[in-house]
file protein_16.csv (CSV, C-alpha atoms)
chain,number,residue,atom,x,y,z
A,1,MET,CA,38.8,198.7,110.6
A,2,ILE,CA,37.2,199.4,114.0
A,3,ASN,CA,34.8,196.5,113.5
A,4,THR,CA,37.7,194.2,112.8
A,5,PHE,CA,39.4,195.4,116.0
A,6,PHE,CA,36.3,194.7,118.1
A,7,LEU,CA,36.0,191.3,116.4
A,8,ILE,CA,39.5,190.4,117.5
A,9,ILE,CA,38.9,191.6,121.0
A,10,PHE,CA,35.7,189.7,121.2
A,11,VAL,CA,37.3,186.5,119.9
A,12,ILE,CA,40.0,186.8,122.6
A,13,LEU,CA,37.3,187.3,125.2
A,14,GLU,CA,35.4,184.4,123.8
A,15,ILE,CA,38.4,182.1,124.2
A,16,VAL,CA,39.0,183.3,127.8
A,17,GLY,CA,35.3,182.7,128.5
A,18,LEU,CA,35.4,179.2,126.9
A,19,ILE,CA,38.4,178.3,129.0
A,20,GLY,CA,36.6,179.5,132.2
A,21,PHE,CA,33.5,177.6,131.2
A,22,PHE,CA,35.4,174.3,130.7
A,23,ILE,CA,37.2,174.8,134.0
A,24,LYS,CA,33.8,175.3,135.8
A,25,LEU,CA,32.3,172.3,133.9
A,26,ARG,CA,35.2,170.1,135.0
A,27,GLU,CA,34.7,171.2,138.7
A,28,PHE,CA,31.0,170.6,138.3
A,29,ILE,CA,31.5,167.0,136.9
A,30,LYS,CA,34.0,166.3,139.7
A,31,VAL,CA,31.5,167.4,142.3
A,32,LEU,CA,28.8,165.2,140.8
A,33,GLY,CA,31.2,162.3,141.5
A,34,TYR,CA,31.2,163.1,145.2
A,35,LYS,CA,28.8,160.5,146.6
A,36,GLY,CA,28.9,161.6,150.2
A,37,ARG,CA,26.3,164.0,151.4
A,38,ALA,CA,26.1,165.9,154.7
A,39,ARG,CA,24.6,169.0,156.3
A,40,ALA,CA,27.5,171.3,157.3
A,41,GLU,CA,27.0,173.8,160.1
A,42,VAL,CA,28.6,177.2,160.0
A,43,VAL,CA,30.4,177.5,163.3
A,44,ALA,CA,32.5,180.6,162.7
A,45,VAL,CA,33.3,183.2,160.0
A,46,ALA,CA,36.9,183.9,159.0
A,47,GLN,CA,37.7,187.5,158.1
A,48,ASP,CA,40.6,188.4,155.7
A,49,THR,CA,41.4,192.0,154.8
A,50,VAL,CA,43.4,192.6,151.6
A,51,GLN,CA,45.1,195.8,150.5
A,52,VAL,CA,43.7,196.6,147.0
A,53,GLY,CA,45.0,200.1,146.5
A,54,LYS,CA,47.3,202.7,148.1
A,55,ASN,CA,44.7,203.7,150.7
A,56,GLN,CA,42.0,201.1,150.1
A,57,THR,CA,41.3,197.7,151.6
A,58,GLU,CA,38.6,195.0,151.0
A,59,THR,CA,37.4,192.6,153.6
A,60,TYR,CA,36.3,189.0,152.7
A,61,TYR,CA,34.5,186.6,154.8
A,62,SER,CA,34.6,182.8,154.6
A,63,PRO,CA,32.5,180.5,156.7
A,64,ILE,CA,34.2,177.8,158.8
A,65,ILE,CA,32.0,174.7,158.7
A,66,THR,CA,31.8,171.4,160.5
A,67,PHE,CA,30.4,168.2,159.2
A,68,ARG,CA,30.4,164.6,160.0
A,69,ALA,CA,31.6,161.9,157.6
A,70,ASN,CA,32.5,158.3,158.4
A,71,ASN,CA,31.9,159.2,162.1
A,72,ILE,CA,34.7,161.8,162.0
A,73,LEU,CA,34.0,165.5,162.6
A,74,TYR,CA,35.6,167.7,160.1
A,75,ARG,CA,36.2,171.4,160.5
A,76,LYS,CA,37.1,173.2,157.3
A,77,THR,CA,37.1,176.7,156.0
A,78,PHE,CA,34.6,176.9,153.2
A,79,THR,CA,36.2,178.7,150.2
A,80,TYR,CA,33.0,180.6,149.4
A,81,ILE,CA,33.7,184.3,150.0
A,82,SER,CA,30.9,186.8,150.6
A,83,GLU,CA,29.8,189.7,152.8
A,84,PRO,CA,29.2,189.0,156.5
A,85,ALA,CA,25.4,189.2,156.2
A,86,LYS,CA,25.3,186.1,154.2
A,87,GLN,CA,27.1,184.0,156.8
A,88,ARG,CA,25.0,183.1,159.9
A,89,ILE,CA,26.6,181.1,162.6
A,90,GLY,CA,24.5,178.1,163.1
A,91,SER,CA,23.1,178.0,159.6
A,92,LEU,CA,23.3,174.7,157.6
A,93,ILE,CA,24.8,174.2,154.2
A,94,SER,CA,24.1,171.1,152.1
A,95,ILE,CA,27.4,169.7,150.8
A,96,ARG,CA,28.8,166.8,148.8
A,97,TYR,CA,32.1,165.2,149.7
A,98,ASP,CA,34.4,162.6,148.4
A,99,LEU,CA,33.9,159.3,150.2
A,100,LYS,CA,37.6,158.5,150.0
A,101,ASP,CA,38.7,162.0,151.2
A,102,PRO,CA,36.0,164.0,153.0
A,103,THR,CA,38.3,167.0,153.0
A,104,LYS,CA,37.3,167.4,149.4
A,105,PHE,CA,33.8,168.9,149.4
A,106,ALA,CA,31.6,171.3,147.6
A,107,PRO,CA,28.2,172.9,148.0
A,108,GLU,CA,25.3,170.8,146.8
A,109,LYS,CA,24.1,173.7,144.7
A,110,MET,CA,26.6,175.0,142.2
A,111,THR,CA,24.9,177.9,140.6
A,112,SER,CA,28.2,179.4,139.3
A,113,LEU,CA,28.1,176.9,136.4
A,114,PHE,CA,24.7,178.1,135.5
A,115,ALA,CA,25.8,181.8,135.4
A,116,GLN,CA,28.9,180.9,133.5
A,117,THR,CA,26.8,179.1,130.8
A,118,PHE,CA,24.6,182.2,130.3
A,119,GLY,CA,27.6,184.5,130.1
A,120,PHE,CA,29.2,182.2,127.5
A,121,LEU,CA,26.0,182.1,125.5
A,122,PHE,CA,25.7,185.9,125.5
A,123,MET,CA,29.3,186.2,124.4
A,124,CYS,CA,28.5,183.8,121.5
A,125,VAL,CA,25.5,186.0,120.4
A,126,GLY,CA,27.7,189.1,120.6
A,127,LEU,CA,30.4,187.4,118.6
A,128,MET,CA,27.9,186.4,115.9
A,129,ILE,CA,26.5,190.0,115.7
A,130,ILE,CA,30.0,191.5,115.3
A,131,ALA,CA,31.1,188.8,112.9
A,132,SER,CA,28.0,189.4,110.7
A,133,ASN,CA,28.7,193.1,110.6
A,134,VAL,CA,32.3,192.6,109.7
A,135,LEU,CA,31.6,190.0,107.0
A,136,LEU,CA,28.8,191.9,105.3
call {"tool": "encode", "arguments": {"input": "protein_16.csv", "output": "structure tokens"}}
result
Amino acid sequence: MINTFFLIIFVILEIVGLIGFFIKLREFIKVLGYKGRARAEVVAVAQDTVQVGKNQTETYYSPIITFRANNILYRKTFTYISEPAKQRIGSLISIRYDLKDPTKFAPEKMTSLFAQTFGFLFMCVGLMIIASNVLL
């Protein structure tokens, strides 16, 4: 009975993981279609504090970058969020951008798809282990 419950929960989590994987895969394929390449410079860091509990807040940092495409200088907030130590003003980030609309850009390295793939594979292994225990 408990094994069946865990199997159902695992199947639900597997479906959610599969949906997340395909969303990331779609983003990855879209970025591969971006033919423009540039080195973007971090010129500032935006700070956003969010209330997460009654007496608790979390602060997020997003780099503001500039890059040149089609002889136009673009200044955009990079949607990557991290801790301030990872954002150094003056550092360079390799990006890809859409030649038709340079405001659509993404980092050259997209490691989140790699991590998502391994998470999905581990979930599949777990699902097989639980399913084998329930079916035996």
call {"tool": "atom_distance", "arguments": {"input": "protein_16.csv", "atom1": "atom CA of Pro102 of chain A", "atom2": "atom CA of Ser62 of chain A"}}
result
18.9 Å
call {"tool": "closest_residue", "arguments": {"input": "protein_16.csv", "among": "A:Met128, A:Val31, A:Ile65, A:Leu7", "to": "Ser91 of chain A", "atoms": "only C-alpha atoms"}}
result
A:Ile65
call {"tool": "atom_distance", "arguments": {"input": "protein_16.csv", "atom1": "atom CA of Gln47 of chain A", "atom2": "atom CA of Thr77 of chain A"}}
result
11.0 Å
call {"tool": "closest_residue", "arguments": {"input": "protein_16.csv", "among": "A:Phe22, A:Lys35, A:Phe28, A:Tyr61", "to": "Lys86 of chain A", "atoms": "only C-alpha atoms"}}
result
A:Tyr61
call {"tool": "residues_around", "arguments": {"input": "protein_16.csv", "residues": "Gly90 of chain A", "least_positions_apart": "6", "cutoff": "12 Å", "atoms": "all atoms listed in the file", "output": "list of chain:residue names"}}
result
A:Arg39, A:Ala40, A:Glu41, A:Val42, A:Val43, A:Ala44, A:Val45, A:Pro63, A:Ile64, A:Ile65, A:Thr66
call {"tool": "closest_residue", "arguments": {"input": "protein_16.csv", "among": "A:Ile95, A:Phe21, A:Leu127, A:Arg26", "to": "Glu108 of chain A", "atoms": "all atoms listed in the file"}}
result
A:Ile95
call {"tool": "residues_near_point", "arguments": {"input": "protein_16.csv", "point": "(42.7, 191.9, 154.6)", "cutoff": "8 Å", "atoms": "all atoms listed in the file", "output": "number ranges by chain"}}
result
A: 47-51, 57-60
call {"tool": "closest_residue", "arguments": {"input": "protein_16.csv", "among": "A:Thr4, A:Cys124, A:Tyr34, A:Arg75", "to": "Lys100 of chain A", "atoms": "all atoms listed in the file"}}
result
A:Tyr34
call {"tool": "atom_distance", "arguments": {"input": "protein_16.csv", "atom1": "atom CA of Leu73 of chain A", "atom2": "atom CA of Thr103 of chain A"}}
result
10.6 Å
call {"tool": "residues_around", "arguments": {"input": "protein_16.csv", "residues": "Gly33 of chain A", "least_positions_apart": "4", "cutoff": "10 Å", "atoms": "all atoms listed in the file", "output": "VMD selection string"}}
result
chain A and resid 27 to 29 96 to 99
